[in-house]
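Undergrad: Dropping in start-v1.txt, which is compact mmCIF, C-alpha atoms:
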# COMPACT_ATOMS: atom_id res chain seq x y z
CA ILE A 1 24.80 -21.15 -2.23
CA VAL A 2 26.43 -22.33 -5.46
CA LYS A 3 29.75 -22.87 -3.68
CA LYS A 4 28.03 -25.61 -1.61
CA ILE A 5 26.78 -27.55 -4.68
CA ASP A 6 29.02 -30.39 -5.91
CA TYR A 7 30.28 -29.38 -9.37
CA ASN A 8 29.88 -33.00 -10.58
CA LEU A 9 26.12 -32.40 -10.48
CA TYR A 10 26.49 -30.03 -13.45
CA LYS A 11 28.36 -32.73 -15.35
CA LYS A 12 25.56 -35.23 -14.69
CA HIS A 13 22.87 -32.86 -15.95
CA SER A 14 24.90 -30.95 -18.59
CA ASN A 15 22.66 -32.00 -21.50
CA LYS A 16 19.50 -30.93 -19.64
CA ILE A 17 21.05 -27.59 -18.70
CA LEU A 18 22.08 -27.02 -22.34
CA LEU A 19 18.61 -27.95 -23.64
CA LEU A 20 16.92 -25.60 -21.15
CA SER A 21 19.25 -22.81 -22.22
CA LEU A 22 18.47 -23.48 -25.90
CA ILE A 23 14.69 -23.37 -25.25
CA LEU A 24 15.03 -20.05 -23.40
CA LEU A 25 17.03 -18.55 -26.29
CA ILE A 26 14.28 -19.57 -28.73
CA LEU A 27 11.43 -18.34 -26.49
CA VAL A 28 12.99 -14.91 -25.95
CA LEU A 29 12.82 -14.24 -29.72
CA ILE A 30 9.02 -14.66 -29.77
CA PRO A 31 7.17 -11.30 -29.59
CA GLY A 32 5.01 -11.15 -26.49
CA ILE A 33 7.32 -13.49 -24.59
CA GLY A 34 10.66 -11.75 -25.04
CA THR A 35 10.86 -8.06 -24.14
CA LEU A 36 12.20 -5.51 -26.63
CA ARG A 37 14.69 -3.14 -24.99
CA ASN A 38 16.98 -0.68 -26.81
CA GLY A 39 16.27 -2.45 -30.10
CA SER A 40 17.24 -5.88 -28.76
CA ARG A 41 14.81 -8.69 -27.88
CA SER A 42 17.03 -10.41 -25.33
CA TRP A 43 15.08 -10.25 -22.06
CA PHE A 44 12.26 -11.99 -20.23
CA LYS A 45 10.35 -9.56 -18.04
CA ILE A 46 9.28 -11.25 -14.80
CA GLY A 47 7.48 -8.62 -12.75
CA PRO A 48 10.03 -5.95 -11.82
CA PHE A 49 12.91 -8.24 -12.80
CA GLY A 50 14.56 -9.06 -16.12
CA LEU A 51 16.21 -12.35 -17.14
CA GLN A 52 18.67 -12.53 -20.03
CA PRO A 53 18.92 -16.12 -21.40
CA SER A 54 22.14 -15.38 -23.31
CA GLU A 55 23.86 -14.96 -19.91
CA ILE A 56 22.63 -18.43 -18.88
CA ALA A 57 23.94 -19.78 -22.21
CA LYS A 58 27.47 -18.72 -21.19
CA VAL A 59 27.54 -21.15 -18.26
CA SER A 60 25.56 -23.96 -19.90
CA LEU A 61 27.85 -24.11 -22.96
CA ILE A 62 31.01 -24.14 -20.83
CA ILE A 63 29.61 -26.99 -18.70
CA PHE A 64 28.64 -28.96 -21.81
CA LEU A 65 31.96 -28.39 -23.62
CA SER A 66 33.98 -29.32 -20.50
CA LYS A 67 32.14 -32.64 -20.23
CA TYR A 68 32.38 -33.25 -23.98
CA LEU A 69 36.15 -32.64 -24.09
CA GLU A 70 36.77 -34.88 -21.08
CA LYS A 71 34.79 -37.67 -22.75
CA ASN A 72 36.50 -37.24 -26.15
CA GLN A 73 40.00 -36.32 -24.97
CA ASN A 74 41.63 -39.18 -26.87
CA ASN A 75 39.88 -38.35 -30.18
CA LEU A 76 40.63 -34.62 -30.45
CA SER A 77 43.08 -35.16 -33.31
CA ASN A 78 40.13 -36.21 -35.47
CA ILE A 79 38.60 -32.77 -36.13
CA LYS A 80 35.67 -34.02 -38.23
CA LYS A 81 34.41 -36.54 -35.68
CA SER A 82 35.25 -34.82 -32.40
CA ILE A 83 35.31 -31.03 -32.93
CA LEU A 84 32.91 -30.26 -35.81
CA PRO A 85 29.80 -31.63 -33.98
CA VAL A 86 30.42 -29.39 -30.97
CA LEU A 87 31.19 -26.44 -33.28
CA GLY A 88 27.74 -26.94 -34.79
CA ILE A 89 26.16 -26.56 -31.34
CA ILE A 90 28.23 -23.45 -30.60
CA PHE A 91 27.22 -21.93 -33.96
CA LEU A 92 23.53 -22.66 -33.26
CA PHE A 93 23.68 -20.82 -29.93
CA PHE A 94 25.67 -17.96 -31.48
CA ALA A 95 23.11 -17.62 -34.30
CA LEU A 96 20.21 -17.45 -31.82
CA ILE A 97 22.02 -14.80 -29.75
CA MET A 98 22.75 -12.79 -32.91
CA LEU A 99 19.03 -12.83 -33.78
CA GLU A 100 18.31 -10.85 -30.59
CA PRO A 101 20.81 -9.22 -31.54
CA ASP A 102 23.58 -9.34 -28.89
CA PHE A 103 26.94 -9.33 -30.65
CA GLY A 104 28.97 -8.61 -27.50
CA THR A 105 27.67 -11.58 -25.50
CA GLY A 106 28.00 -13.82 -28.56
CA MET A 107 31.66 -12.88 -28.95
CA VAL A 108 32.40 -13.49 -25.24
CA ILE A 109 30.84 -16.97 -25.48
CA VAL A 110 32.67 -17.95 -28.68
CA LEU A 111 36.07 -16.67 -27.49
CA SER A 112 35.70 -18.42 -24.11
CA LEU A 113 34.84 -21.74 -25.77
CA MET A 114 37.71 -21.39 -28.26
CA LEU A 115 40.12 -20.91 -25.35
CA ILE A 116 38.87 -24.13 -23.74
CA LEU A 117 39.37 -25.96 -27.05
CA PHE A 118 42.87 -24.45 -27.30
CA ILE A 119 44.03 -25.71 -23.88
CA SER A 120 42.47 -29.14 -24.55
CA GLY A 121 45.13 -29.77 -27.20
CA VAL A 122 43.31 -29.14 -30.49
CA LYS A 123 45.81 -28.47 -33.31
CA ILE A 124 46.83 -24.87 -34.03
CA LYS A 125 46.00 -25.11 -37.76
CA PHE A 126 42.35 -25.67 -36.81
CA PHE A 127 42.26 -22.26 -35.07
CA ALA A 128 43.94 -20.60 -38.05
CA SER A 129 41.19 -21.88 -40.37
CA LEU A 130 38.53 -20.95 -37.83
CA GLY A 131 40.03 -17.46 -37.48
CA ILE A 132 39.72 -16.82 -41.21
CA LEU A 133 36.09 -18.01 -41.19
CA GLY A 134 35.46 -15.86 -38.12
CA ILE A 135 36.80 -12.72 -39.80
CA LEU A 136 34.63 -13.37 -42.87
CA GLY A 137 31.63 -14.01 -40.63
CA ILE A 138 32.13 -10.79 -38.66
CA ALA A 139 32.49 -8.85 -41.91
CA GLY A 140 29.19 -10.35 -43.08
CA LEU A 141 27.45 -9.41 -39.82
CA ILE A 142 28.71 -5.84 -40.18
CA ILE A 143 27.48 -5.60 -43.78
CA ILE A 144 23.94 -6.86 -43.03
CA ALA A 145 23.49 -4.56 -40.01
CA PRO A 146 24.12 -0.86 -40.84
CA TYR A 147 24.30 0.16 -37.17
CA ARG A 148 27.40 -2.03 -36.74
CA LEU A 149 29.07 -0.24 -39.66
CA LYS A 150 28.30 3.07 -37.94
CA ARG A 151 30.03 1.73 -34.83
CA ILE A 152 33.12 0.85 -36.88
CA ILE A 153 33.20 4.35 -38.41
CA SER A 154 32.72 6.00 -35.01
CA PHE A 155 35.49 3.76 -33.62
CA LEU A 156 37.92 4.94 -36.30
CA ASN A 157 36.92 8.58 -35.81
CA PRO A 158 34.36 9.26 -33.05
CA TRP A 159 34.43 12.99 -33.86
CA SER A 160 33.01 12.34 -37.34
CA ASP A 161 29.59 12.15 -35.64
CA PRO A 162 30.09 13.68 -32.18
CA LEU A 163 26.37 14.01 -31.41
CA GLY A 164 25.38 10.65 -32.86
CA SER A 165 27.26 7.33 -33.07
CA GLY A 166 30.46 8.81 -31.61
CA TYR A 167 28.81 10.59 -28.67
CA GLN A 168 29.09 7.86 -26.03
CA ILE A 169 32.73 6.96 -26.68
CA ILE A 170 33.73 10.66 -26.76
CA GLN A 171 32.10 11.21 -23.35
CA SER A 172 33.86 8.07 -22.07
CA LEU A 173 37.24 9.41 -23.22
CA TYR A 174 36.45 12.78 -21.60
CA ALA A 175 35.92 10.89 -18.33
CA ILE A 176 39.06 8.73 -18.56
CA GLY A 177 41.47 11.32 -20.04
CA PRO A 178 41.70 13.98 -17.30
CA ALA A 179 41.46 11.51 -14.39
CA SER A 180 45.21 10.83 -14.06
CA LEU A 181 46.48 7.70 -12.28
CA LEU A 182 44.37 7.95 -9.11
CA GLY A 183 41.31 9.84 -10.38
CA LEU A 184 39.64 13.06 -9.28
CA GLY A 185 38.25 11.67 -6.02
CA PHE A 186 35.06 10.01 -4.79
CA GLY A 187 31.91 11.76 -6.02
CA LYS A 188 33.82 14.22 -8.21
CA SER A 189 32.89 12.75 -11.60
CA ILE A 190 31.63 15.30 -14.09
CA GLN A 191 30.62 12.89 -16.87
CA LYS A 192 28.04 11.06 -14.76
CA GLN A 193 26.06 14.31 -14.47
CA PHE A 194 23.98 13.45 -17.57
CA TYR A 195 26.90 13.73 -20.03
CA LEU A 196 27.68 10.01 -20.38
CA PRO A 197 24.40 8.13 -21.13
CA GLU A 198 23.50 5.42 -18.60
CA PRO A 199 26.89 5.47 -16.84
CA GLN A 200 25.82 2.72 -14.40
CA THR A 201 25.74 0.00 -17.10
CA ASP A 202 28.30 -0.80 -19.85
CA PHE A 203 30.29 2.43 -19.36
CA ILE A 204 30.69 2.33 -15.58
CA PHE A 205 34.46 1.85 -15.90
CA ALA A 206 34.75 5.38 -17.34
CA ILE A 207 33.20 6.81 -14.16
CA ILE A 208 35.37 4.60 -11.92
CA CYS A 209 38.43 5.85 -13.83
CA GLU A 210 37.31 9.45 -13.45
CA GLU A 211 36.85 9.16 -9.68
CA PHE A 212 39.37 6.51 -8.59
CA GLY A 213 41.70 5.88 -11.55
CA ALA A 214 41.97 2.70 -13.61
CA ILE A 215 44.61 0.92 -11.53
CA SER A 216 42.30 -0.49 -8.86
CA VAL A 217 39.95 -2.27 -11.30
CA ILE A 218 42.75 -3.57 -13.54
CA VAL A 219 44.66 -4.96 -10.54
CA LEU A 220 41.50 -6.72 -9.30
CA PHE A 221 40.93 -8.42 -12.67
CA ILE A 222 44.60 -9.42 -13.02
CA SER A 223 44.45 -10.92 -9.50
CA LEU A 224 41.26 -12.81 -10.38
CA PHE A 225 42.88 -14.11 -13.58
CA TYR A 226 45.93 -15.35 -11.64
CA ILE A 227 43.87 -17.08 -8.94
CA ILE A 228 41.55 -18.83 -11.44
CA LEU A 229 44.51 -19.98 -13.54
CA LYS A 230 46.17 -21.37 -10.42
CA ILE A 231 42.98 -23.24 -9.42
CA SER A 232 42.58 -24.67 -12.92
CA LEU A 233 46.20 -25.87 -13.19
CA LYS A 234 45.90 -27.74 -9.87
CA GLN A 235 42.99 -29.90 -11.06
CA SER A 236 43.77 -33.48 -12.07
CA ASN A 237 40.14 -34.03 -13.13
CA LEU A 238 39.80 -32.83 -16.73
CA PHE A 239 36.17 -31.75 -16.35
CA ALA A 240 37.06 -29.61 -13.31
CA LYS A 241 40.10 -28.18 -15.14
CA TYR A 242 38.14 -27.16 -18.24
CA LEU A 243 35.13 -25.94 -16.26
CA SER A 244 37.09 -23.70 -13.87
CA PHE A 245 39.24 -22.34 -16.70
CA GLY A 246 36.27 -21.68 -18.99
CA LEU A 247 34.12 -19.97 -16.37
CA GLY A 248 37.04 -17.83 -15.25
CA MET A 249 38.08 -16.86 -18.76
CA GLN A 250 34.59 -15.75 -19.78
CA ILE A 251 34.63 -13.30 -16.85
CA ILE A 252 38.12 -12.05 -17.71
CA LEU A 253 37.40 -11.83 -21.46
CA GLN A 254 34.18 -9.92 -20.83
CA GLY A 255 36.02 -7.51 -18.53
CA ALA A 256 38.84 -7.06 -21.07
CA LEU A 257 36.39 -6.40 -23.93
CA ASN A 258 34.55 -3.83 -21.82
CA LEU A 259 37.78 -1.99 -20.94
CA CYS A 260 38.90 -2.03 -24.60
CA VAL A 261 35.56 -0.54 -25.71
CA LEU A 262 35.69 2.25 -23.14
CA THR A 263 39.23 3.23 -24.08
CA SER A 264 38.37 3.10 -27.83
CA LEU A 265 40.72 0.20 -28.56
CA ILE A 266 37.88 -1.75 -30.24
CA PRO A 267 34.46 -0.75 -31.63
CA VAL A 268 31.56 -0.42 -29.19
CA THR A 269 29.96 -3.77 -28.25
CA GLY A 270 27.31 -4.16 -25.59
CA VAL A 271 29.13 -6.05 -22.84
CA THR A 272 28.94 -5.29 -19.14
CA LEU A 273 31.90 -5.01 -16.76
CA PRO A 274 31.56 -8.11 -14.53
CA PHE A 275 30.73 -7.37 -10.86
CA PHE A 276 30.59 -3.60 -11.52
CA SER A 277 27.95 -2.85 -14.15
CA TYR A 278 24.32 -2.50 -13.08
CA GLY A 279 22.32 -5.49 -14.29
CA GLY A 280 20.84 -8.53 -12.55
CA SER A 281 21.46 -11.34 -15.05
CA SER A 282 25.12 -10.47 -15.66
CA LEU A 283 25.91 -10.12 -11.96
CA LEU A 284 24.01 -13.32 -11.08
CA VAL A 285 25.83 -15.39 -13.72
CA SER A 286 29.22 -13.95 -12.69
CA MET A 287 28.50 -14.88 -9.06
CA ILE A 288 27.34 -18.38 -10.05
CA SER A 289 30.54 -18.84 -12.08
CA VAL A 290 32.71 -17.86 -9.12
CA GLY A 291 30.63 -20.14 -6.85
CA ILE A 292 31.30 -23.12 -9.12
CA ILE A 293 35.03 -22.31 -9.25
CA LEU A 294 35.14 -22.09 -5.43
CA ASN A 295 33.46 -25.49 -5.15
CA ILE A 296 36.05 -26.97 -7.55
CA CYS A 297 38.82 -25.32 -5.50
CA GLY A 298 37.52 -26.82 -2.27
CA SER A 299 36.99 -30.34 -3.64
Go ahead and render the structure in this file as structure tokens.
TA:
Amino acid sequence: IVKKIDYNLYKKHSNKILLLSLILLILVLIPGIGTLRNGSRSWFKIGPFGLQPSEIAKVSLIIFLSKYLEKNQNNLSNIKKSILPVLGIIFLFFALIMLEPDFGTGMVIVLSLMLILFISGVKIKFFASLGILGILGIAGLIIIAPYRLKRIISFLNPWSDPLGSGYQIIQSLYAIGPASLLGLGFGKSIQKQFYLPEPQTDFIFAIICEEFGAISVIVLFISLFYIILKISLKQSNLFAKYLSFGLGMQIILQGALNLCVLTSLIPVTGVTLPFFSYGGSSLLVSMISVGIILNICGS
């Protein structure tokens, strides 16, 4: 359906889409409206379905930033006038998402938007300054939330608390380690038999590795990255270029973060594996993103 919608329509209504996304992020924080699940108030419960507004924010911010950069392309050298205002908007959305809290989704959004700013031609020294501020900010977020510090400790040594904070990553490594290159075979996973908690969500890659090996999923994401990059480079329209690149990179970044978490390369963050993890909002937004990219490709 989304493939059939002219992508210029999103450009026309980008401010309205952004405002709607902002309102949803505020509403979800209100007790009685937003649903508390696993200690995070990040869902609207609509009958048997759940809607996660932070997923909608991913697309709305990329649409808005793509339009903004196209409009201000000639003024990007002036950081104060052109970049700082849009950084304020990004920070506002990030702050609202962190209040849920949903650190993983917030990081995917910020990194995706920074990549769009990078390819638009913003000076490198700006990203160096932003990187320092980002490190200080992440350190602050870890200090004020003790559970994040536990995740850091369990990342450095999961076996320091094998039945607590390190349990899930240890079970993930037990799934990935013995699987070899091509896995144990379809249906032969041991860890999904109530060893790895909720294996159908964020940690589904561990089960895929155990049964089929990691190669298939990694090759699919590399192929997707190559195709999206090719589509983006072909666009002469700046809005289409930034939009296709941004939507594609947020899928790839989210997938990369998920794989790094499951292989204990980075601390545990709650991000799904696009197209694979169980979850309606994440899958829906990933499909919408691909639909928009396909429309840009066919235009």
Undergrad: Would you pick out the contacts of Gly280 in chain A at 12 Å or less, using only C-alpha atoms, so that residues sharing its chain but fewer than 4 positions from it are not included, and give the list as a PyMOL selection string?
TA: chain A and resi 43+45+48-53+55-56+201+272+274-276+284-287
Undergrad: Store the residues picked out above in a file with C-alpha atoms, as a PDB file, in the coordinates of the input.
TA:
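The resulting file, part_13.pdb, is reproduced below:
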ATOM      1  CA  TRP A  43      15.080 -10.250 -22.060  1.00  0.00           C
ATOM      2  CA  LYS A  45      10.350  -9.560 -18.040  1.00  0.00           C
ATOM      3  CA  PRO A  48      10.030  -5.950 -11.820  1.00  0.00           C
ATOM      4  CA  PHE A  49      12.910  -8.240 -12.800  1.00  0.00           C
ATOM      5  CA  GLY A  50      14.560  -9.060 -16.120  1.00  0.00           C
ATOM      6  CA  LEU A  51      16.210 -12.350 -17.140  1.00  0.00           C
ATOM      7  CA  GLN A  52      18.670 -12.530 -20.030  1.00  0.00           C
ATOM      8  CA  PRO A  53      18.920 -16.120 -21.400  1.00  0.00           C
ATOM      9  CA  GLU A  55      23.860 -14.960 -19.910  1.00  0.00           C
ATOM     10  CA  ILE A  56      22.630 -18.430 -18.880  1.00  0.00           C
ATOM     11  CA  THR A 201      25.740   0.000 -17.100  1.00  0.00           C
ATOM     12  CA  THR A 272      28.940  -5.290 -19.140  1.00  0.00           C
ATOM     13  CA  PRO A 274      31.560  -8.110 -14.530  1.00  0.00           C
ATOM     14  CA  PHE A 275      30.730  -7.370 -10.860  1.00  0.00           C
ATOM     15  CA  PHE A 276      30.590  -3.600 -11.520  1.00  0.00           C
ATOM     16  CA  LEU A 284      24.010 -13.320 -11.080  1.00  0.00           C
ATOM     17  CA  VAL A 285      25.830 -15.390 -13.720  1.00  0.00           C
ATOM     18  CA  SER A 286      29.220 -13.950 -12.690  1.00  0.00           C
ATOM     19  CA  MET A 287      28.500 -14.880  -9.060  1.00  0.00           C
TER      20      MET A 287
END
Undergrad: Skip Val86 in chain A itself and residues of its chain fewer than 3 positions away, then list as a compact mmCIF listing (two decimals) with C-alpha atoms, in the frame of the given file all residues within 12 Å of it, counting all atoms listed in the file.
TA:
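The result, written out as around.txt:
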# COMPACT_ATOMS: atom_id res chain seq x y z
CA LEU A 61 27.85 -24.11 -22.96
CA ILE A 62 31.01 -24.14 -20.83
CA PHE A 64 28.64 -28.96 -21.81
CA LEU A 65 31.96 -28.39 -23.62
CA SER A 66 33.98 -29.32 -20.50
CA LYS A 67 32.14 -32.64 -20.23
CA TYR A 68 32.38 -33.25 -23.98
CA LEU A 69 36.15 -32.64 -24.09
CA ASN A 72 36.50 -37.24 -26.15
CA LEU A 76 40.63 -34.62 -30.45
CA ILE A 79 38.60 -32.77 -36.13
CA LYS A 80 35.67 -34.02 -38.23
CA LYS A 81 34.41 -36.54 -35.68
CA SER A 82 35.25 -34.82 -32.40
CA ILE A 83 35.31 -31.03 -32.93
CA ILE A 89 26.16 -26.56 -31.34
CA ILE A 90 28.23 -23.45 -30.60
CA PHE A 91 27.22 -21.93 -33.96
CA LEU A 92 23.53 -22.66 -33.26
CA PHE A 93 23.68 -20.82 -29.93
CA VAL A 110 32.67 -17.95 -28.68
CA LEU A 113 34.84 -21.74 -25.77
CA MET A 114 37.71 -21.39 -28.26
CA LEU A 117 39.37 -25.96 -27.05
Undergrad: Could you list, as a list in words, every residue within 12 Å of Leu141 in chain A, counting all atoms listed in the file and ignoring same-chain residues fewer than 6 positions away?
TA: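 Result of the neighbour search: Ala95, Met98, Leu99, Pro101, Asp102, Phe103, Gly134, Ile135, Tyr147, Arg148 and Leu149 of chain A.
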Undergrad: List the spatial neighbours of range 206-208 of chain A as number ranges by chain - criterion: any atom at most 12 Å away, all atoms listed in the file, same-chain residues fewer than 5 positions off excluded.
TA: A: 168-201, 213-218, 258-264, 273, 276-277
Undergrad: Keeping only C-alpha atoms, write the selected residues to a file as a tab-separated table (two decimals), keeping the file's coordinate frame.
TA:
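This went into again_33.tsv:
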chain	number	residue	atom	x	y	z
A	168	GLN	CA	29.09	7.86	-26.03
A	169	ILE	CA	32.73	6.96	-26.68
A	170	ILE	CA	33.73	10.66	-26.76
A	171	GLN	CA	32.10	11.21	-23.35
A	172	SER	CA	33.86	8.07	-22.07
A	173	LEU	CA	37.24	9.41	-23.22
A	174	TYR	CA	36.45	12.78	-21.60
A	175	ALA	CA	35.92	10.89	-18.33
A	176	ILE	CA	39.06	8.73	-18.56
A	177	GLY	CA	41.47	11.32	-20.04
A	178	PRO	CA	41.70	13.98	-17.30
A	179	ALA	CA	41.46	11.51	-14.39
A	180	SER	CA	45.21	10.83	-14.06
A	181	LEU	CA	46.48	7.70	-12.28
A	182	LEU	CA	44.37	7.95	-9.11
A	183	GLY	CA	41.31	9.84	-10.38
A	184	LEU	CA	39.64	13.06	-9.28
A	185	GLY	CA	38.25	11.67	-6.02
A	186	PHE	CA	35.06	10.01	-4.79
A	187	GLY	CA	31.91	11.76	-6.02
A	188	LYS	CA	33.82	14.22	-8.21
A	189	SER	CA	32.89	12.75	-11.60
A	190	ILE	CA	31.63	15.30	-14.09
A	191	GLN	CA	30.62	12.89	-16.87
A	192	LYS	CA	28.04	11.06	-14.76
A	193	GLN	CA	26.06	14.31	-14.47
A	194	PHE	CA	23.98	13.45	-17.57
A	195	TYR	CA	26.90	13.73	-20.03
A	196	LEU	CA	27.68	10.01	-20.38
A	197	PRO	CA	24.40	8.13	-21.13
A	198	GLU	CA	23.50	5.42	-18.60
A	199	PRO	CA	26.89	5.47	-16.84
A	200	GLN	CA	25.82	2.72	-14.40
A	201	THR	CA	25.74	0.00	-17.10
A	213	GLY	CA	41.70	5.88	-11.55
A	214	ALA	CA	41.97	2.70	-13.61
A	215	ILE	CA	44.61	0.92	-11.53
A	216	SER	CA	42.30	-0.49	-8.86
A	217	VAL	CA	39.95	-2.27	-11.30
A	218	ILE	CA	42.75	-3.57	-13.54
A	258	ASN	CA	34.55	-3.83	-21.82
A	259	LEU	CA	37.78	-1.99	-20.94
A	260	CYS	CA	38.90	-2.03	-24.60
A	261	VAL	CA	35.56	-0.54	-25.71
A	262	LEU	CA	35.69	2.25	-23.14
A	263	THR	CA	39.23	3.23	-24.08
A	264	SER	CA	38.37	3.10	-27.83
A	273	LEU	CA	31.90	-5.01	-16.76
A	276	PHE	CA	30.59	-3.60	-11.52
A	277	SER	CA	27.95	-2.85	-14.15
Undergrad: Looking at only C-alpha atoms, which of A:Ile222, A:Cys209, A:Ala240, A:Leu19 is the one that sits closest to Ala256 in chain A?
TA: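 For Ala256 in chain A, the nearest of the candidates is A:Ile222.
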Undergrad: Have a look at CA of Asn74 in chain A and CA of Phe118 in chain A and let me know their distance in Å, one decimal.
TA: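 The value is 14.8 Å.
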Undergrad: Go through A:Ser282, A:Ile266, A:Asn295, A:Leu257 one by one, measure the shortest atom-to-atom distance of each to Ile231 in chain A using only C-alpha atoms, and give the residue with the smallest value.
TA: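 Between A:Ser282, A:Ile266, A:Asn295, A:Leu257, the residue approaching Ile231 in chain A most closely is A:Asn295.
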Undergrad: For a quick check of understanding, using all atoms listed in the file, which of A:Leu238, A:Ile26, A:Leu87, A:Leu18 has the smallest distance to Gln73 in chain A?
TA: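 Going through A:Leu238, A:Ile26, A:Leu87, A:Leu18 one by one, the smallest distance to Gln73 in chain A is for A:Leu238.
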